[in-house]
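Student: Take this structure first; my questions come after.
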Protein chains: 2
Amino acid sequence: MKLHNYFRSSASFRVRIALELKGLIYEYIPVQIARGDHKKEPYAALSADHLVPLLEVNGERLSQSMAIIEYLDELHPTPALLPADALGRARVRALAQSIACEIHPLNNLRVLKYLVRDLKVEEEAKNNWYRHWCREGLEAFERQLVQLPASTYCYGNTPTLADCCLVPQIFNAARFNVNFDGLPLTMAAYDACMALPAFQKAQPSACPDSQA
Amino acid sequence: MKLHNYFRSSASFRVRIALELKGLIYEYIPVQIARGDHKKEPYAALSADHLVPLLEVNGERLSQSMAIIEYLDELHPTPALLPADALGRARVRALAQSIACEIHPLNNLRVLKYLVRDLKVEEEAKNNWYRHWCREGLEAFERQLVQLPASTYCYGNTPTLADCCLVPQIFNAARFNVNFDGLPLTMAAYDACMALPAFQKAQPSACPDSQA
């Protein structure tokens with residue numbers, strides 16, 4: 001199994017967490033997103049969407065982090081990253097999508113670059129943009145957790161797909177000095193995750209390309 | 001079953017398609033997003049994330065369109081909106097997420113409003129922003145379809161979650177005059193979907209609030 005990814009990419013980090021939680025061995029192949037390598041050969045020929053992460057597994061190339069994690073969960077069901085019941089799965093998927101569809105897409109590198117290069121947005125306004133969507137999204141995430149049963153992680157007492165998405169978002173937000181006040185359940189889930197070796201091993205500073 | 005939604009919301013449209021494909025009866029409850037009703041009572045008390053769609057079903061309130069559709073598919077498996085094999089599911093989820101995580105979040109109403117109100121972006125630059133992300137995302141979508149087996153819809157010969165996401169995006173893109181040239185497989189899947197009554201019944205112009 002080969003994971004094409006980038007240490008700072010949130011979507012890559014999600015998949016690394018899932019692989020570590022399941023104890024799956026993989027080859028780490030860095031793609032220098034900041035340098036634009038994802039749009040050039042040889043990576044562009046390998047990846048139809050020119051994005052990271054890309055997982056090579058069983059002769060197939062898989063894209064989109066949440067789809068990859070569900071695939072890994074179906075092929076390697078223990079430990080489970082989705083609850084056993086349909087309602088639980090709907091809750092976990094909704095939490096994951098609250099990060100992956102509402103926060104992260106607005107704040108990734110290509111969007112911030114477009115703001116600066118094409119819309120001539122100043123540094124401070126760019127950072128305000130980042131913090132606006134991130135804070136608004138995390139507040140919505142917290143409101144969802146408030147309505148769910150009390151639990152150690154985002155949903156239940158073992159990490160799920162929702163935690164795989166939350167933790168990278170918090171790492172990313174910390175780099176932009178997002179205010180985490182008033183998000184007690186969200187930050188408690190984050191802290192519970194970061195106490196686990198799988199999340200520590202998957203974090204950006206533990207990646208081979210973080211020192212490049 | 002009650003669907004809180006808005007005729008022009010792409011995410012709402014996705015769920016309407018799934019409900020129609022499965023022949024499920026639901027009460028249509030309009031939420032006037034353009035007027036900001038999703039952030040005010042009584043809707044704000046009902047919806048933890050203050051977004052549409054929200055499905056009330058079996059005494060639960062579910063959010064996030066893709067999570068809702070997977071839940072409906074698990075409870076009402078016929079016709080299936082996801083393939084029977086893990087690889088097929090990974091492909092369909094990745095296609096759906098290519099729309100729902102890469103295109104739509106950058107182009108929804110709240111983002112366009114932020115560009116204009118907070119970043120003082122001119123009308124033309126706003127429309128260029130829309131078209132840039134939409135076109136880039138649809139080209140990536142087309143490259144994925146090229147690598148998949150030939151099929152009538154996005155994946156295979158029955159509509160899936162991927163089609164539920166594609167069709168609303170094409171409707172939305174058409175409103176902003178996005179260029180659809182060079183996307184033959186994508187547009188063939190769209191045309192195949194729009195020949196089906198389920199997609200026609202779910203479209204914005206068929207919604208009760210489209211005349212308001």
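By order of appearance in the structure tokens: chains A, B, ..., then residues from 1 within every chain, and ligands from 1 in the order shown.
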Show me, as a list in words, every residue of chain A with an atom at most 6 Å from chain B, counting only C-alpha atoms.
Tutor: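 Per the criterion, chain A yields Ala48, Asp49, Gln64, Ala67, Tyr71, Ala90, Arg93, Ala94, Cys101, Ala140, Arg143 and Gln144 of chain A.
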Student: Only C-alpha atoms, please: the residues just picked out, written as an mmCIF file, in the first residue's frame.
Tutor:
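result.cif was written with the following content:
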```
data_model
loop_
_atom_site.group_PDB
_atom_site.id
_atom_site.type_symbol
_atom_site.label_atom_id
_atom_site.label_comp_id
_atom_site.auth_asym_id
_atom_site.auth_seq_id
_atom_site.Cartn_x
_atom_site.Cartn_y
_atom_site.Cartn_z
ATOM 1 C CA ALA A 48 -6.993 11.903 -11.936
ATOM 2 C CA ASP A 49 -7.997 14.775 -9.667
ATOM 3 C CA GLN A 64 -10.846 11.554 -1.647
ATOM 4 C CA ALA A 67 -13.989 7.626 0.579
ATOM 5 C CA TYR A 71 -12.891 1.676 1.936
ATOM 6 C CA ALA A 90 -25.228 8.985 9.775
ATOM 7 C CA ARG A 93 -20.543 10.904 8.525
ATOM 8 C CA ALA A 94 -22.343 14.192 9.161
ATOM 9 C CA CYS A 101 -17.407 20.062 3.249
ATOM 10 C CA ALA A 140 -21.496 24.432 14.237
ATOM 11 C CA ARG A 143 -23.492 22.555 18.549
ATOM 12 C CA GLN A 144 -23.784 19.117 16.965
#
```
Student: For the structure I just gave you, how does DSSP split segment 19-125 of chain B - specifically, which residues are strand (DSSP E)? Reply as a PyMOL selection string.
Tutor: chain B and resi 27-30+54-57+60-63
Student: With only C-alpha atoms as the counted atoms, please give the residues lying no more than 6 Å from segment 182-197 of chain A, apart from itself and same-chain residues fewer than 5 positions off, as a tab-separated table (two decimals) with N, CA, C and O atoms, in the first residue's frame.
Tutor:
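Below is the file that was written, around_18.tsv:
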```
chain	number	residue	atom	x	y	z
A	142	GLU	N	-19.45	22.08	17.32
A	142	GLU	CA	-19.71	22.02	18.77
A	142	GLU	C	-21.22	21.88	19.05
A	142	GLU	O	-21.62	21.08	19.91
A	153	TYR	N	-14.79	10.55	22.51
A	153	TYR	CA	-14.35	11.08	21.22
A	153	TYR	C	-15.54	11.83	20.60
A	153	TYR	O	-16.52	12.13	21.29
A	154	CYS	N	-15.47	12.14	19.32
A	154	CYS	CA	-16.58	12.88	18.71
A	154	CYS	C	-17.90	12.13	18.85
A	154	CYS	O	-18.94	12.72	19.12
A	167	VAL	N	-9.24	16.19	13.96
A	167	VAL	CA	-7.88	16.46	14.45
A	167	VAL	C	-7.04	17.25	13.44
A	167	VAL	O	-6.43	18.26	13.81
```
Student: Write out as a ChimeraX atom specification the set of residues from chain A that DSSP, computed on the backbone, places in alpha helix (DSSP H).
Tutor: /A:10-21,43-46,65-75,86-100,104-107,109-117,123-147,161-175,184-194,197-202
Student: For a test of reading the model, state the distance in Å between atom CA of Lys39 of chain B and atom CA of Leu109 of chain B, rounded to one decimal.
Tutor: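 Computing the Euclidean distance for atom CA of Lys39 of chain B and atom CA of Leu109 of chain B yields 13.5 Å.
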Student: What's the 9 Å shell around segment 77-80 of chain A, counting only C-alpha atoms, without same-chain residues fewer than 4 positions away, as a list in words?
Tutor: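 Neighbouring residues, sequence-local ones excluded: Leu21, Lys22, Leu72, Asp73, Ala84, Thr158, Pro159 and Thr160 of chain A.
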Student: Report, in Å with one decimal, the straight-line distance from atom CA of Pro168 of chain B to atom CA of Pro208 of chain B.
Tutor: 17.1 Å
Student: Please indicate the distance in Å from atom CA of Ala206 of chain B to atom CA of Leu81 of chain B, rounded to one decimal place.
Tutor: 22.3 Å
Student: Using only C-alpha atoms, which protein or nucleic acid residues come within 9 Å of Tyr26 of chain A? Drop anything in the same chain fewer than 2 positions from it, and give the result as a list in words.
Tutor: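 These residues fall inside the cut-off: Met1, Lys2, Leu3, Leu19, Leu24 and Tyr28 of chain A.
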Student: Write the residues of the selection above to a file with N, CA, C and O atoms, as a PDB file, in the first residue's frame.
Tutor:
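Saved the output as result.pdb:
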```pdb
ATOM      1  N   MET A   1       0.852  -1.189   0.000  1.00  0.00           N
ATOM      2  CA  MET A   1       0.000   0.000   0.000  1.00  0.00           C
ATOM      3  C   MET A   1       0.892   1.243   0.000  1.00  0.00           C
ATOM      4  O   MET A   1       1.827   1.347   0.781  1.00  0.00           O
ATOM      5  N   LYS A   2       0.582   2.190  -0.899  1.00  0.00           N
ATOM      6  CA  LYS A   2       1.373   3.426  -0.993  1.00  0.00           C
ATOM      7  C   LYS A   2       0.441   4.613  -0.790  1.00  0.00           C
ATOM      8  O   LYS A   2      -0.579   4.731  -1.469  1.00  0.00           O
ATOM      9  N   LEU A   3       0.829   5.515   0.094  1.00  0.00           N
ATOM     10  CA  LEU A   3       0.050   6.734   0.282  1.00  0.00           C
ATOM     11  C   LEU A   3       0.833   7.919  -0.251  1.00  0.00           C
ATOM     12  O   LEU A   3       1.883   8.292   0.290  1.00  0.00           O
ATOM     13  N   LEU A  19      -5.019   4.796   8.806  1.00  0.00           N
ATOM     14  CA  LEU A  19      -4.055   3.707   8.590  1.00  0.00           C
ATOM     15  C   LEU A  19      -3.385   3.319   9.907  1.00  0.00           C
ATOM     16  O   LEU A  19      -3.216   2.128  10.204  1.00  0.00           O
ATOM     17  N   LEU A  24      -2.177  -0.539   9.783  1.00  0.00           N
ATOM     18  CA  LEU A  24      -1.811  -0.958   8.426  1.00  0.00           C
ATOM     19  C   LEU A  24      -0.473  -0.322   8.029  1.00  0.00           C
ATOM     20  O   LEU A  24      -0.252   0.870   8.234  1.00  0.00           O
ATOM     21  N   TYR A  28       5.163   5.729   2.550  1.00  0.00           N
ATOM     22  CA  TYR A  28       4.858   7.162   2.544  1.00  0.00           C
ATOM     23  C   TYR A  28       5.545   7.806   1.340  1.00  0.00           C
ATOM     24  O   TYR A  28       6.765   7.821   1.254  1.00  0.00           O
TER      25      TYR A  28
END
```
Student: Which one of B:Leu112, B:Cys207, B:Leu148, B:Leu161 sits closest to Asn127 of chain B if you count only C-alpha atoms?
Tutor: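 The answer is B:Leu112, which sits nearest to Asn127 of chain B.
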